[in-house]
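Structure data (PDB, N, CA, C and O atoms) from my_file_10.pdb:
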```pdb
ATOM      1  N   MET A 118      33.515  58.576 187.841
ATOM      2  CA  MET A 118      32.480  57.649 187.409
ATOM      3  C   MET A 118      32.994  56.885 186.180
ATOM      4  O   MET A 118      33.548  57.476 185.261
ATOM      5  N   LYS A 119      32.778  55.593 186.191
ATOM      6  CA  LYS A 119      33.212  54.762 185.068
ATOM      7  C   LYS A 119      32.359  55.034 183.840
ATOM      8  O   LYS A 119      31.208  55.440 183.941
ATOM      9  N   ARG A 120      32.948  54.758 182.698
ATOM     10  CA  ARG A 120      32.174  54.791 181.462
ATOM     11  C   ARG A 120      31.412  53.477 181.356
ATOM     12  O   ARG A 120      31.833  52.471 181.919
ATOM     13  N   VAL A 121      30.324  53.478 180.639
ATOM     14  CA  VAL A 121      29.500  52.287 180.539
ATOM     15  C   VAL A 121      30.297  51.099 179.988
ATOM     16  O   VAL A 121      30.102  49.961 180.398
ATOM     17  N   TYR A 122      31.227  51.381 179.105
ATOM     18  CA  TYR A 122      32.019  50.319 178.485
ATOM     19  C   TYR A 122      32.987  49.657 179.465
ATOM     20  O   TYR A 122      33.536  48.610 179.169
ATOM     21  N   GLU A 123      33.185  50.277 180.614
ATOM     22  CA  GLU A 123      34.078  49.732 181.624
ATOM     23  C   GLU A 123      33.340  48.872 182.657
ATOM     24  O   GLU A 123      33.971  48.206 183.463
ATOM     25  N   LEU A 124      32.032  48.879 182.642
ATOM     26  CA  LEU A 124      31.244  48.119 183.616
ATOM     27  C   LEU A 124      31.301  46.626 183.305
ATOM     28  O   LEU A 124      31.148  46.210 182.151
ATOM     29  N   ASP A 125      31.496  45.820 184.342
ATOM     30  CA  ASP A 125      31.556  44.371 184.156
ATOM     31  C   ASP A 125      30.265  43.824 183.557
ATOM     32  O   ASP A 125      30.296  42.962 182.680
ATOM     33  N   VAL A 126      29.136  44.334 184.017
ATOM     34  CA  VAL A 126      27.857  43.838 183.518
ATOM     35  C   VAL A 126      27.692  44.141 182.027
ATOM     36  O   VAL A 126      27.152  43.332 181.276
ATOM     37  N   TYR A 127      28.173  45.288 181.604
ATOM     38  CA  TYR A 127      28.106  45.639 180.180
ATOM     39  C   TYR A 127      29.021  44.730 179.365
ATOM     40  O   TYR A 127      28.649  44.240 178.302
ATOM     41  N   LYS A 128      30.217  44.488 179.882
ATOM     42  CA  LYS A 128      31.154  43.610 179.192
ATOM     43  C   LYS A 128      30.580  42.198 179.045
ATOM     44  O   LYS A 128      30.715  41.561 177.998
ATOM     45  N   LEU A 129      29.929  41.712 180.086
ATOM     46  CA  LEU A 129      29.309  40.382 180.027
ATOM     47  C   LEU A 129      28.176  40.341 179.007
ATOM     48  O   LEU A 129      28.020  39.360 178.278
ATOM     49  N   ALA A 130      27.392  41.399 178.971
ATOM     50  CA  ALA A 130      26.299  41.466 177.999
ATOM     51  C   ALA A 130      26.838  41.470 176.571
ATOM     52  O   ALA A 130      26.293  40.794 175.688
ATOM     53  N   GLU A 131      27.902  42.201 176.347
ATOM     54  CA  GLU A 131      28.526  42.228 175.022
ATOM     55  C   GLU A 131      29.099  40.852 174.662
ATOM     56  O   GLU A 131      28.995  40.407 173.520
ATOM     57  N   GLU A 132      29.691  40.192 175.642
ATOM     58  CA  GLU A 132      30.254  38.855 175.414
ATOM     59  C   GLU A 132      29.148  37.860 175.040
ATOM     60  O   GLU A 132      29.323  37.056 174.123
ATOM     61  N   LEU A 133      28.026  37.935 175.730
ATOM     62  CA  LEU A 133      26.899  37.067 175.401
ATOM     63  C   LEU A 133      26.418  37.325 173.978
ATOM     64  O   LEU A 133      26.200  36.386 173.200
ATOM     65  N   SER A 134      26.276  38.579 173.622
ATOM     66  CA  SER A 134      25.828  38.927 172.281
ATOM     67  C   SER A 134      26.807  38.400 171.221
ATOM     68  O   SER A 134      26.387  37.841 170.204
ATOM     69  N   ASP A 135      28.088  38.563 171.478
ATOM     70  CA  ASP A 135      29.091  38.064 170.539
ATOM     71  C   ASP A 135      29.010  36.550 170.383
ATOM     72  O   ASP A 135      29.143  36.014 169.273
ATOM     73  N   MET A 136      28.770  35.839 171.487
ATOM     74  CA  MET A 136      28.663  34.379 171.422
ATOM     75  C   MET A 136      27.447  33.957 170.602
ATOM     76  O   MET A 136      27.521  33.018 169.800
ATOM     77  N   VAL A 137      26.330  34.642 170.795
ATOM     78  CA  VAL A 137      25.120  34.324 170.032
ATOM     79  C   VAL A 137      25.357  34.559 168.549
ATOM     80  O   VAL A 137      25.041  33.711 167.709
ATOM     81  N   TRP A 138      25.931  35.710 168.213
ATOM     82  CA  TRP A 138      26.206  36.011 166.801
ATOM     83  C   TRP A 138      27.161  34.990 166.194
ATOM     84  O   TRP A 138      26.998  34.571 165.044
ATOM     85  N   HIS A 139      28.154  34.584 166.950
ATOM     86  CA  HIS A 139      29.138  33.618 166.453
ATOM     87  C   HIS A 139      28.483  32.268 166.174
ATOM     88  O   HIS A 139      28.762  31.622 165.154
ATOM     89  N   ASP A 140      27.602  31.826 167.058
ATOM     90  CA  ASP A 140      26.964  30.517 166.906
ATOM     91  C   ASP A 140      25.816  30.513 165.907
ATOM     92  O   ASP A 140      25.455  29.469 165.377
ATOM     93  N   PHE A 141      25.235  31.667 165.642
ATOM     94  CA  PHE A 141      24.060  31.763 164.774
ATOM     95  C   PHE A 141      24.284  31.095 163.416
ATOM     96  O   PHE A 141      23.414  30.377 162.922
ATOM     97  N   ASP A 142      25.437  31.306 162.835
ATOM     98  CA  ASP A 142      25.708  30.745 161.510
ATOM     99  C   ASP A 142      25.768  29.221 161.509
ATOM    100  O   ASP A 142      25.623  28.597 160.459
ATOM    101  N   LYS A 143      25.949  28.626 162.662
ATOM    102  CA  LYS A 143      26.014  27.164 162.771
ATOM    103  C   LYS A 143      24.631  26.528 162.863
ATOM    104  O   LYS A 143      24.500  25.319 162.735
ATOM    105  N   TRP A 144      23.614  27.328 163.138
ATOM    106  CA  TRP A 144      22.265  26.800 163.291
ATOM    107  C   TRP A 144      21.646  26.565 161.917
ATOM    108  O   TRP A 144      21.935  27.279 160.957
ATOM    109  N   ASN A 145      20.735  25.575 161.834
ATOM    110  CA  ASN A 145      20.080  25.365 160.549
ATOM    111  C   ASN A 145      19.085  26.495 160.277
ATOM    112  O   ASN A 145      18.716  27.254 161.165
ATOM    113  N   LYS A 146      18.684  26.625 159.050
ATOM    114  CA  LYS A 146      17.831  27.759 158.618
ATOM    115  C   LYS A 146      16.512  27.812 159.373
ATOM    116  O   LYS A 146      16.011  28.887 159.684
ATOM    117  N   LYS A 147      15.945  26.638 159.678
ATOM    118  CA  LYS A 147      14.671  26.622 160.401
ATOM    119  C   LYS A 147      14.828  27.259 161.780
ATOM    120  O   LYS A 147      14.008  28.079 162.189
ATOM    121  N   VAL A 148      15.888  26.902 162.475
ATOM    122  CA  VAL A 148      16.134  27.476 163.800
ATOM    123  C   VAL A 148      16.439  28.967 163.674
ATOM    124  O   VAL A 148      15.939  29.782 164.456
ATOM    125  N   GLN A 149      17.236  29.343 162.689
ATOM    126  CA  GLN A 149      17.541  30.756 162.493
ATOM    127  C   GLN A 149      16.271  31.565 162.263
ATOM    128  O   GLN A 149      16.109  32.646 162.833
ATOM    129  N   ASN A 150      15.382  31.040 161.447
ATOM    130  CA  ASN A 150      14.177  31.793 161.082
ATOM    131  C   ASN A 150      13.082  31.758 162.134
ATOM    132  O   ASN A 150      12.215  32.637 162.146
ATOM    133  N   THR A 151      13.089  30.767 163.025
ATOM    134  CA  THR A 151      12.026  30.693 164.028
ATOM    135  C   THR A 151      12.415  31.402 165.324
ATOM    136  O   THR A 151      11.718  32.304 165.765
ATOM    137  N   VAL A 152      13.518  31.003 165.918
ATOM    138  CA  VAL A 152      13.921  31.619 167.187
ATOM    139  C   VAL A 152      15.241  32.370 167.099
ATOM    140  O   VAL A 152      15.541  33.200 167.955
ATOM    141  N   GLY A 153      16.025  32.091 166.092
ATOM    142  CA  GLY A 153      17.362  32.659 165.990
ATOM    143  C   GLY A 153      17.403  34.167 165.974
ATOM    144  O   GLY A 153      18.178  34.787 166.711
ATOM    145  N   TYR A 154      16.573  34.775 165.144
ATOM    146  CA  TYR A 154      16.594  36.236 165.051
ATOM    147  C   TYR A 154      16.099  36.891 166.338
ATOM    148  O   TYR A 154      16.583  37.949 166.737
ATOM    149  N   GLN A 155      15.149  36.241 167.010
ATOM    150  CA  GLN A 155      14.672  36.777 168.290
ATOM    151  C   GLN A 155      15.778  36.700 169.346
ATOM    152  O   GLN A 155      15.958  37.630 170.137
ATOM    153  N   ILE A 156      16.525  35.615 169.353
ATOM    154  CA  ILE A 156      17.619  35.486 170.312
ATOM    155  C   ILE A 156      18.677  36.551 170.055
ATOM    156  O   ILE A 156      19.216  37.153 170.991
ATOM    157  N   ILE A 157      18.970  36.797 168.798
ATOM    158  CA  ILE A 157      19.929  37.854 168.466
ATOM    159  C   ILE A 157      19.420  39.213 168.952
ATOM    160  O   ILE A 157      20.155  39.975 169.590
ATOM    161  N   ARG A 158      18.166  39.531 168.662
ATOM    162  CA  ARG A 158      17.623  40.827 169.089
ATOM    163  C   ARG A 158      17.644  40.970 170.609
ATOM    164  O   ARG A 158      18.033  42.012 171.141
ATOM    165  N   SER A 159      17.235  39.926 171.308
ATOM    166  CA  SER A 159      17.186  40.036 172.766
ATOM    167  C   SER A 159      18.582  40.101 173.375
ATOM    168  O   SER A 159      18.807  40.855 174.324
ATOM    169  N   SER A 160      19.535  39.339 172.833
ATOM    170  CA  SER A 160      20.888  39.405 173.393
ATOM    171  C   SER A 160      21.542  40.756 173.097
ATOM    172  O   SER A 160      22.266  41.296 173.937
ATOM    173  N   ASP A 161      21.280  41.317 171.942
ATOM    174  CA  ASP A 161      21.810  42.654 171.627
ATOM    175  C   ASP A 161      21.181  43.729 172.510
ATOM    176  O   ASP A 161      21.838  44.712 172.878
ATOM    177  N   SER A 162      19.921  43.547 172.869
ATOM    178  CA  SER A 162      19.233  44.597 173.620
ATOM    179  C   SER A 162      19.670  44.662 175.078
ATOM    180  O   SER A 162      19.472  45.687 175.729
ATOM    181  N   ILE A 163      20.288  43.600 175.597
ATOM    182  CA  ILE A 163      20.745  43.640 176.992
ATOM    183  C   ILE A 163      21.763  44.766 177.168
ATOM    184  O   ILE A 163      21.592  45.647 178.012
ATOM    185  N   ALA A 164      22.820  44.745 176.367
ATOM    186  CA  ALA A 164      23.847  45.783 176.469
ATOM    187  C   ALA A 164      23.288  47.154 176.085
ATOM    188  O   ALA A 164      23.650  48.168 176.696
ATOM    189  N   ALA A 165      22.407  47.172 175.101
ATOM    190  CA  ALA A 165      21.821  48.451 174.676
ATOM    191  C   ALA A 165      21.017  49.082 175.808
ATOM    192  O   ALA A 165      21.110  50.298 176.043
ATOM    193  N   ASN A 166      20.239  48.284 176.528
ATOM    194  CA  ASN A 166      19.451  48.821 177.634
ATOM    195  C   ASN A 166      20.340  49.267 178.792
ATOM    196  O   ASN A 166      20.063  50.271 179.441
ATOM    197  N   ILE A 167      21.412  48.511 179.050
ATOM    198  CA  ILE A 167      22.341  48.924 180.103
ATOM    199  C   ILE A 167      22.968  50.265 179.737
ATOM    200  O   ILE A 167      23.051  51.176 180.571
ATOM    201  N   ALA A 168      23.407  50.410 178.500
ATOM    202  CA  ALA A 168      24.010  51.667 178.058
ATOM    203  C   ALA A 168      23.005  52.809 178.127
ATOM    204  O   ALA A 168      23.344  53.929 178.538
ATOM    205  N   GLU A 169      21.769  52.540 177.747
ATOM    206  CA  GLU A 169      20.757  53.601 177.768
ATOM    207  C   GLU A 169      20.438  54.035 179.188
ATOM    208  O   GLU A 169      20.318  55.220 179.471
ATOM    209  N   GLU A 170      20.313  53.080 180.096
ATOM    210  CA  GLU A 170      19.992  53.456 181.475
ATOM    211  C   GLU A 170      21.142  54.172 182.138
ATOM    212  O   GLU A 170      20.944  54.978 183.029
ATOM    213  N   TYR A 171      22.357  53.871 181.716
ATOM    214  CA  TYR A 171      23.526  54.483 182.349
ATOM    215  C   TYR A 171      23.530  55.998 182.162
ATOM    216  O   TYR A 171      24.055  56.723 182.987
ATOM    217  N   GLY A 172      22.904  56.453 181.113
ATOM    218  CA  GLY A 172      22.814  57.886 180.863
ATOM    219  C   GLY A 172      21.620  58.544 181.527
ATOM    220  O   GLY A 172      21.444  59.759 181.425
ATOM    221  N   ARG A 173      20.818  57.773 182.217
ATOM    222  CA  ARG A 173      19.634  58.327 182.889
ATOM    223  C   ARG A 173      20.017  58.917 184.237
ATOM    224  O   ARG A 173      20.978  58.501 184.859
ATOM    225  N   TYR A 174      19.229  59.867 184.693
ATOM    226  CA  TYR A 174      19.554  60.540 185.941
ATOM    227  C   TYR A 174      18.661  60.128 187.103
ATOM    228  O   TYR A 174      19.099  60.109 188.233
ATOM    229  N   SER A 175      17.433  59.770 186.823
ATOM    230  CA  SER A 175      16.552  59.431 187.930
ATOM    231  C   SER A 175      16.624  57.933 188.230
ATOM    232  O   SER A 175      16.760  57.108 187.321
ATOM    233  N   PRO A 176      16.541  57.577 189.495
ATOM    234  CA  PRO A 176      16.560  56.161 189.867
ATOM    235  C   PRO A 176      15.416  55.367 189.216
ATOM    236  O   PRO A 176      15.598  54.214 188.848
ATOM    237  N   ALA A 177      14.268  55.999 189.041
ATOM    238  CA  ALA A 177      13.138  55.307 188.411
ATOM    239  C   ALA A 177      13.445  54.944 186.960
ATOM    240  O   ALA A 177      13.120  53.837 186.502
ATOM    241  N   ASP A 178      14.064  55.864 186.236
ATOM    242  CA  ASP A 178      14.457  55.580 184.852
ATOM    243  C   ASP A 178      15.476  54.449 184.804
ATOM    244  O   ASP A 178      15.381  53.544 183.983
ATOM    245  N   ARG A 179      16.473  54.517 185.684
ATOM    246  CA  ARG A 179      17.495  53.470 185.703
ATOM    247  C   ARG A 179      16.871  52.113 185.994
ATOM    248  O   ARG A 179      17.193  51.132 185.344
ATOM    249  N   LYS A 180      15.996  52.068 186.965
ATOM    250  CA  LYS A 180      15.350  50.799 187.335
ATOM    251  C   LYS A 180      14.570  50.230 186.160
ATOM    252  O   LYS A 180      14.621  49.023 185.891
ATOM    253  N   ARG A 181      13.862  51.066 185.441
ATOM    254  CA  ARG A 181      13.068  50.601 184.306
ATOM    255  C   ARG A 181      13.967  49.939 183.259
ATOM    256  O   ARG A 181      13.657  48.870 182.750
ATOM    257  N   PHE A 182      15.099  50.547 182.954
ATOM    258  CA  PHE A 182      15.979  49.968 181.949
ATOM    259  C   PHE A 182      16.711  48.737 182.465
ATOM    260  O   PHE A 182      17.013  47.833 181.696
ATOM    261  N   TYR A 183      16.974  48.659 183.765
ATOM    262  CA  TYR A 183      17.511  47.411 184.326
ATOM    263  C   TYR A 183      16.506  46.283 184.127
ATOM    264  O   TYR A 183      16.867  45.160 183.792
ATOM    265  N   LEU A 184      15.248  46.602 184.342
ATOM    266  CA  LEU A 184      14.210  45.588 184.151
ATOM    267  C   LEU A 184      14.115  45.169 182.690
ATOM    268  O   LEU A 184      13.906  43.987 182.381
ATOM    269  N   TYR A 185      14.258  46.112 181.771
ATOM    270  CA  TYR A 185      14.277  45.762 180.345
ATOM    271  C   TYR A 185      15.436  44.810 180.041
ATOM    272  O   TYR A 185      15.278  43.829 179.318
ATOM    273  N   SER A 186      16.590  45.103 180.588
ATOM    274  CA  SER A 186      17.763  44.252 180.358
ATOM    275  C   SER A 186      17.531  42.855 180.918
ATOM    276  O   SER A 186      17.850  41.853 180.285
ATOM    277  N   ARG A 187      16.980  42.805 182.118
ATOM    278  CA  ARG A 187      16.702  41.497 182.722
ATOM    279  C   ARG A 187      15.694  40.728 181.892
ATOM    280  O   ARG A 187      15.840  39.521 181.683
ATOM    281  N   GLY A 188      14.692  41.401 181.377
ATOM    282  CA  GLY A 188      13.714  40.733 180.519
ATOM    283  C   GLY A 188      14.343  40.190 179.252
ATOM    284  O   GLY A 188      14.018  39.090 178.801
ATOM    285  N   SER A 189      15.260  40.928 178.670
ATOM    286  CA  SER A 189      15.952  40.452 177.477
ATOM    287  C   SER A 189      16.805  39.231 177.798
ATOM    288  O   SER A 189      16.886  38.294 177.009
ATOM    289  N   LEU A 190      17.431  39.240 178.945
ATOM    290  CA  LEU A 190      18.236  38.095 179.356
ATOM    291  C   LEU A 190      17.348  36.869 179.542
ATOM    292  O   LEU A 190      17.686  35.770 179.092
ATOM    293  N   LYS A 191      16.177  37.038 180.138
ATOM    294  CA  LYS A 191      15.286  35.908 180.336
ATOM    295  C   LYS A 191      14.808  35.332 179.008
ATOM    296  O   LYS A 191      14.576  34.137 178.896
ATOM    297  N   ASP A 192      14.655  36.165 177.977
ATOM    298  CA  ASP A 192      14.304  35.666 176.641
ATOM    299  C   ASP A 192      15.357  34.696 176.149
ATOM    300  O   ASP A 192      15.063  33.760 175.422
ATOM    301  N   ASN A 193      16.620  34.915 176.512
ATOM    302  CA  ASN A 193      17.714  34.069 176.066
ATOM    303  C   ASN A 193      17.855  32.792 176.872
ATOM    304  O   ASN A 193      18.524  31.875 176.438
ATOM    305  N   THR A 194      17.244  32.716 178.059
ATOM    306  CA  THR A 194      17.459  31.560 178.918
ATOM    307  C   THR A 194      16.227  30.676 179.053
ATOM    308  O   THR A 194      16.232  29.752 179.826
ATOM    309  N   ARG A 195      15.191  30.944 178.319
ATOM    310  CA  ARG A 195      13.987  30.098 178.392
ATOM    311  C   ARG A 195      14.297  28.721 177.844
ATOM    312  O   ARG A 195      15.036  28.559 176.898
ATOM    313  N   GLU A 196      13.675  27.734 178.473
ATOM    314  CA  GLU A 196      13.860  26.352 177.996
ATOM    315  C   GLU A 196      12.638  25.877 177.284
ATOM    316  O   GLU A 196      11.576  26.270 177.452
TER     317      GLU A 196
END
```
Before anything else, please render the file you have as structure tokens.
Amino acid sequence: MKRVYELDVYKLAEELSDMVWHDFDKWNKKVQNTVGYQIIRSSDSIAANIAEEYGRYSPADRKRFYLYSRGSLKDNTRE
């Protein structure tokens, strides 16, 4: 069984989080204070939820954390 850090989906989630953190400093203070911190929290939580579900044993638990991850991703893609 692979470690969570070896999963492609986890790597992509980490890459997204890194991109958000990298760009955050370029945003003006108003954007940082209104939506910026929420975007950081939601992008960080994608990988965190994937890692947390990976340690779960029941399919119901895993599904719940997949849904949490998907919800965090949708927070980042709203227009």
Output the residue selection produced by the PyMOL selection byres ((chain A and resi 122-130) around 8) on the file above, formatted as a PyMOL selection string. chain A and resi 119-121+131-137+159-165+167-168
Grab the residues selected above and save them as a compact mmCIF listing (two decimals), in the coordinates of the input with N, CA, C and O atoms.
```
# COMPACT_ATOMS: atom_id res chain seq x y z
N LYS A 119 32.78 55.59 186.19
CA LYS A 119 33.21 54.76 185.07
C LYS A 119 32.36 55.03 183.84
O LYS A 119 31.21 55.44 183.94
N ARG A 120 32.95 54.76 182.70
CA ARG A 120 32.17 54.79 181.46
C ARG A 120 31.41 53.48 181.36
O ARG A 120 31.83 52.47 181.92
N VAL A 121 30.32 53.48 180.64
CA VAL A 121 29.50 52.29 180.54
C VAL A 121 30.30 51.10 179.99
O VAL A 121 30.10 49.96 180.40
N GLU A 131 27.90 42.20 176.35
CA GLU A 131 28.53 42.23 175.02
C GLU A 131 29.10 40.85 174.66
O GLU A 131 29.00 40.41 173.52
N GLU A 132 29.69 40.19 175.64
CA GLU A 132 30.25 38.85 175.41
C GLU A 132 29.15 37.86 175.04
O GLU A 132 29.32 37.06 174.12
N LEU A 133 28.03 37.94 175.73
CA LEU A 133 26.90 37.07 175.40
C LEU A 133 26.42 37.33 173.98
O LEU A 133 26.20 36.39 173.20
N SER A 134 26.28 38.58 173.62
CA SER A 134 25.83 38.93 172.28
C SER A 134 26.81 38.40 171.22
O SER A 134 26.39 37.84 170.20
N ASP A 135 28.09 38.56 171.48
CA ASP A 135 29.09 38.06 170.54
C ASP A 135 29.01 36.55 170.38
O ASP A 135 29.14 36.01 169.27
N MET A 136 28.77 35.84 171.49
CA MET A 136 28.66 34.38 171.42
C MET A 136 27.45 33.96 170.60
O MET A 136 27.52 33.02 169.80
N VAL A 137 26.33 34.64 170.80
CA VAL A 137 25.12 34.32 170.03
C VAL A 137 25.36 34.56 168.55
O VAL A 137 25.04 33.71 167.71
N SER A 159 17.24 39.93 171.31
CA SER A 159 17.19 40.04 172.77
C SER A 159 18.58 40.10 173.38
O SER A 159 18.81 40.85 174.32
N SER A 160 19.54 39.34 172.83
CA SER A 160 20.89 39.40 173.39
C SER A 160 21.54 40.76 173.10
O SER A 160 22.27 41.30 173.94
N ASP A 161 21.28 41.32 171.94
CA ASP A 161 21.81 42.65 171.63
C ASP A 161 21.18 43.73 172.51
O ASP A 161 21.84 44.71 172.88
N SER A 162 19.92 43.55 172.87
CA SER A 162 19.23 44.60 173.62
C SER A 162 19.67 44.66 175.08
O SER A 162 19.47 45.69 175.73
N ILE A 163 20.29 43.60 175.60
CA ILE A 163 20.74 43.64 176.99
C ILE A 163 21.76 44.77 177.17
O ILE A 163 21.59 45.65 178.01
N ALA A 164 22.82 44.74 176.37
CA ALA A 164 23.85 45.78 176.47
C ALA A 164 23.29 47.15 176.08
O ALA A 164 23.65 48.17 176.70
N ALA A 165 22.41 47.17 175.10
CA ALA A 165 21.82 48.45 174.68
C ALA A 165 21.02 49.08 175.81
O ALA A 165 21.11 50.30 176.04
N ILE A 167 21.41 48.51 179.05
CA ILE A 167 22.34 48.92 180.10
C ILE A 167 22.97 50.26 179.74
O ILE A 167 23.05 51.18 180.57
N ALA A 168 23.41 50.41 178.50
CA ALA A 168 24.01 51.67 178.06
C ALA A 168 23.00 52.81 178.13
O ALA A 168 23.34 53.93 178.54
```
Measure the distance from CA of Leu190 in chain A to CA of Phe141 in chain A in Å and round it to one decimal. 16.9 Å
Written as a list in words, which residues does the PyMOL selection byres ((chain A and resi 178-187) around 7) give for the file shown? Ser159, Ser162, Ile163, Ala164, Asn166, Ile167, Glu169, Glu170, Tyr171, Arg173, Tyr174, Ser175, Pro176, Ala177, Gly188, Ser189, Leu190, Lys191, Asp192 and Asn193 of chain A
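Counting from atom O of Asn145 in chain A, the distance to atom O of Ile157 in chain A is 15.3 Å.
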Output range 123-131 of chain A from the block with all heavy atoms, as a short mmCIF file (atom, residue, chain, number, x, y, z; two decimals), in the first residue's frame?
```
data_model
loop_
_atom_site.label_atom_id
_atom_site.label_comp_id
_atom_site.auth_asym_id
_atom_site.auth_seq_id
_atom_site.Cartn_x
_atom_site.Cartn_y
_atom_site.Cartn_z
N GLU A 123 2.68 9.59 -1.40
CA GLU A 123 2.98 9.08 -2.73
C GLU A 123 1.77 9.15 -3.67
O GLU A 123 1.91 8.93 -4.87
CB GLU A 123 3.45 7.63 -2.64
CG GLU A 123 4.73 7.46 -1.85
CD GLU A 123 5.08 6.01 -1.60
OE1 GLU A 123 4.17 5.17 -1.40
OE2 GLU A 123 6.28 5.72 -1.60
N LEU A 124 0.61 9.46 -3.16
CA LEU A 124 -0.61 9.52 -3.98
C LEU A 124 -0.60 10.76 -4.87
O LEU A 124 -0.29 11.86 -4.41
CB LEU A 124 -1.85 9.55 -3.10
CG LEU A 124 -2.09 8.35 -2.19
CD1 LEU A 124 -3.28 8.60 -1.28
CD2 LEU A 124 -2.31 7.10 -3.03
N ASP A 125 -0.97 10.57 -6.13
CA ASP A 125 -1.01 11.70 -7.06
C ASP A 125 -1.97 12.79 -6.60
O ASP A 125 -1.67 13.97 -6.69
CB ASP A 125 -1.40 11.23 -8.46
CG ASP A 125 -0.31 10.42 -9.13
OD1 ASP A 125 0.87 10.57 -8.75
OD2 ASP A 125 -0.64 9.64 -10.05
N VAL A 126 -3.12 12.38 -6.08
CA VAL A 126 -4.11 13.36 -5.64
C VAL A 126 -3.58 14.20 -4.48
O VAL A 126 -3.83 15.40 -4.39
CB VAL A 126 -5.46 12.68 -5.31
CG1 VAL A 126 -5.34 11.80 -4.08
CG2 VAL A 126 -6.56 13.71 -5.16
N TYR A 127 -2.83 13.57 -3.60
CA TYR A 127 -2.23 14.30 -2.47
C TYR A 127 -1.17 15.28 -2.98
O TYR A 127 -1.11 16.42 -2.54
CB TYR A 127 -1.63 13.33 -1.46
CG TYR A 127 -1.08 14.03 -0.25
CD1 TYR A 127 -1.90 14.38 0.81
CD2 TYR A 127 0.27 14.38 -0.18
CE1 TYR A 127 -1.40 15.04 1.92
CE2 TYR A 127 0.78 15.04 0.92
CZ TYR A 127 -0.07 15.37 1.96
OH TYR A 127 0.44 16.04 3.06
N LYS A 128 -0.35 14.82 -3.91
CA LYS A 128 0.68 15.68 -4.48
C LYS A 128 0.06 16.90 -5.16
O LYS A 128 0.56 18.02 -5.04
CB LYS A 128 1.54 14.91 -5.47
CG LYS A 128 2.42 13.86 -4.83
CD LYS A 128 3.16 13.08 -5.89
CE LYS A 128 3.93 11.92 -5.32
NZ LYS A 128 4.60 11.12 -6.37
N LEU A 129 -1.03 16.69 -5.88
CA LEU A 129 -1.72 17.80 -6.55
C LEU A 129 -2.30 18.78 -5.53
O LEU A 129 -2.24 20.00 -5.73
CB LEU A 129 -2.82 17.27 -7.46
CG LEU A 129 -2.35 16.58 -8.74
CD1 LEU A 129 -3.53 15.90 -9.43
CD2 LEU A 129 -1.68 17.57 -9.67
N ALA A 130 -2.86 18.25 -4.47
CA ALA A 130 -3.41 19.11 -3.42
C ALA A 130 -2.31 19.95 -2.77
O ALA A 130 -2.50 21.15 -2.51
CB ALA A 130 -4.14 18.27 -2.38
N GLU A 131 -1.18 19.34 -2.53
CA GLU A 131 -0.04 20.08 -1.95
C GLU A 131 0.46 21.15 -2.93
O GLU A 131 0.80 22.26 -2.52
CB GLU A 131 1.09 19.11 -1.61
CG GLU A 131 0.86 18.33 -0.34
CD GLU A 131 0.94 19.21 0.88
OE1 GLU A 131 1.97 19.87 1.08
OE2 GLU A 131 -0.05 19.24 1.63
#
```
